[in-house]
Structures are given as C-alpha cells and as structure tokens.
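Have a look at the structure below before the remarks.
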Amino acid sequence: MSANITFSKTERTIIIISEQYNKKIDLSKLSIAELNIMGHFSHKINQEITRKELINIGWPYKSVSMSSLNVAIANIRKIFIANDIDSQLSINTVPTIGYMFNASFTDTHESIHDPTSEDTLSTSTSTSTSTSTSKKITSKLRFTILSMITIINMICSFMISKYIYKLLY
C-alpha cells in the first residue's frame, strides 16, 4: 500500500493520501519555529537529527534553551495525536542525540526538496489494522510515560535543591 505525504509551510498543513487515509492535517496552531522544525523533519524521514540542528532550524540567529525545543516537539506530537495519525507519523527521541521523524510506512523514498517548502514524498506500508492500533496505543503510552518521568524529574530536582539549601543555610 502506497502513501503520499505532502507538507506545506505556506498553507500550514500536512496532507496524507493512502488507502487508509485521506487527511488534511491543520498545523495552524503551530508557531513559525515549530513549522520550520516540521519542514526539516519532512526532509529527513527516519534519520537522526541533532538537537542543535533543530534549534538552528527553528530559531535561526536566536539563542534559545533546550526546553524551547522540547516544547516545540511536544506541540507537534499533540497535533499528531489529536488527528489520530500518531501511529503512522511519530517523532521519537534519540537519547543523547536528538530526534527522529518516523513514518511507519515501509520502503520510504527520499523527500523532494523544494525551496517553497512544499515537500512531497512517497512511502509504502504493509501494516495491518491490529498492528496500527497497537502502535497507536504504544505511542500514546510512550508519550504519557515520558510526561510522567519529566514531572517526577522536576519534583526530585526541587526536593534535592531544597534539601541542599537547608544543609548550607
């Protein structure tokens, strides 16, 4: 089964046309930085992209923290989840490196780069409905667990700093 994915920065959309989908995903809620990152992902499907590279793409000539990138990625993931395409398109964290934009369609061909930010790429898939549902649940569960770990990390950091403060003063 073949799929056609088109990203349009000017129209703020992703269009997915396949046997399973005929969807136009509205990206109007994304910021310019998030759209730039999404455009860059569409050029590098299934390739690792460093955090530094994504920050330079999202915020050229500006100094921003890693948390700005984390928020941008979370916002893009929310769009995928809200439109029920998170099992076919996902952004996975690559520990200590950055991120990888995955299309679960197999036999991915290279995207065609167009300076107008209109990107078209063809991909194929052979996933069954049960596998698709399983991946969707796994992706949502992974996102929930990652969110919980982040909250726990913040709480632990606060408690440790509070304890250190009491020891020193």
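By convention in this document, the chains of the structure tokens carry letters A, B, ... by their order, each chain's residues are numbered from 1, and ligands are numbered from 1 in the order they are shown.
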Using 10 Å as the limit and counting only C-alpha atoms, can you tabulate each residue of stretch 32-64 of chain A that touches stretch 91-103 of chain A, with its shortest atom-to-atom distance in Å and the two atoms involved, as a Markdown table?
```
| residue | atom | partner | partner_atom | distance |
| --- | --- | --- | --- | --- |
| A:Met38 | CA | A:Phe101 | CA | 8.9 |
| A:His40 | CA | A:Phe101 | CA | 9.5 |
| A:Phe41 | CA | A:Phe101 | CA | 5.7 |
| A:Ser42 | CA | A:Phe101 | CA | 7.6 |
| A:His43 | CA | A:Phe101 | CA | 9.5 |
| A:Lys44 | CA | A:Phe101 | CA | 7.2 |
| A:Ile45 | CA | A:Phe101 | CA | 5.3 |
| A:Asn46 | CA | A:Asn102 | CA | 4.9 |
| A:Gln47 | CA | A:Met100 | CA | 5.6 |
| A:Glu48 | CA | A:Met100 | CA | 4.8 |
| A:Ile49 | CA | A:Tyr99 | CA | 5.4 |
| A:Thr50 | CA | A:Gly98 | CA | 4.3 |
| A:Arg51 | CA | A:Gly98 | CA | 4.6 |
| A:Lys52 | CA | A:Gly98 | CA | 8.1 |
| A:Glu53 | CA | A:Gly98 | CA | 8.8 |
| A:Leu54 | CA | A:Gly98 | CA | 8.3 |
```
Could you give me, as CSV, a per-residue list for stretch 22-113 of chain A showing, wherever an atom lies at most 10 Å from an atom of stretch 142-153 of chain A, the closest pair of atoms and their distance in Å to one decimal, using only C-alpha atoms and sorting by chain then residue number from low to high?
```
residue,atom,partner,partner_atom,distance
A:Ala74,CA,A:Phe143,CA,9.0
A:Arg77,CA,A:Phe143,CA,8.6
A:Lys78,CA,A:Phe143,CA,9.6
A:Ile81,CA,A:Phe143,CA,9.8
A:Asn92,CA,A:Arg142,CA,9.6
```
- Provide the atom CA of A:Lys23 to atom CA of A:Asn75 distance in Å, to one decimal place.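 Distance between the two atoms: 19.0 Å.
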- Message: Excluding A:Trp59 and its own-chain neighbours fewer than 5 positions away, which residues fall within 12 Å of it when counting only C-alpha atoms? Please give them as a ChimeraX atom specification.
- Response: /A:31-37,51-54,64-66,68-69,72
- Query: Hey, which of A:Ile73, A:Ile14, A:Cys156, A:Leu167 ends up closest to A:Ile55? Count only C-alpha atoms.
  - Reply: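 The answer is A:Ile73, which sits nearest to A:Ile55.
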- Item | One-decimal distance in Å that lies between atom CA of A:Gly58 and atom CA of A:Ile25 |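 Answer for the atom CA of A:Ile25 to atom CA of A:Gly58 separation: 20.3 Å.
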- Neighbours of A:Ile16 within 7 Å (only C-alpha atoms; same-chain residues fewer than 2 positions away dropped), as a PyMOL selection string? chain A and resi 3-6+14+18+21-24
- Task: Calculate how many Å separate atom CA of A:Asp26 from atom CA of A:Ser63, rounding to one decimal.
- Result: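 Separating atom CA of A:Asp26 from atom CA of A:Ser63 is a distance of 28.4 Å.
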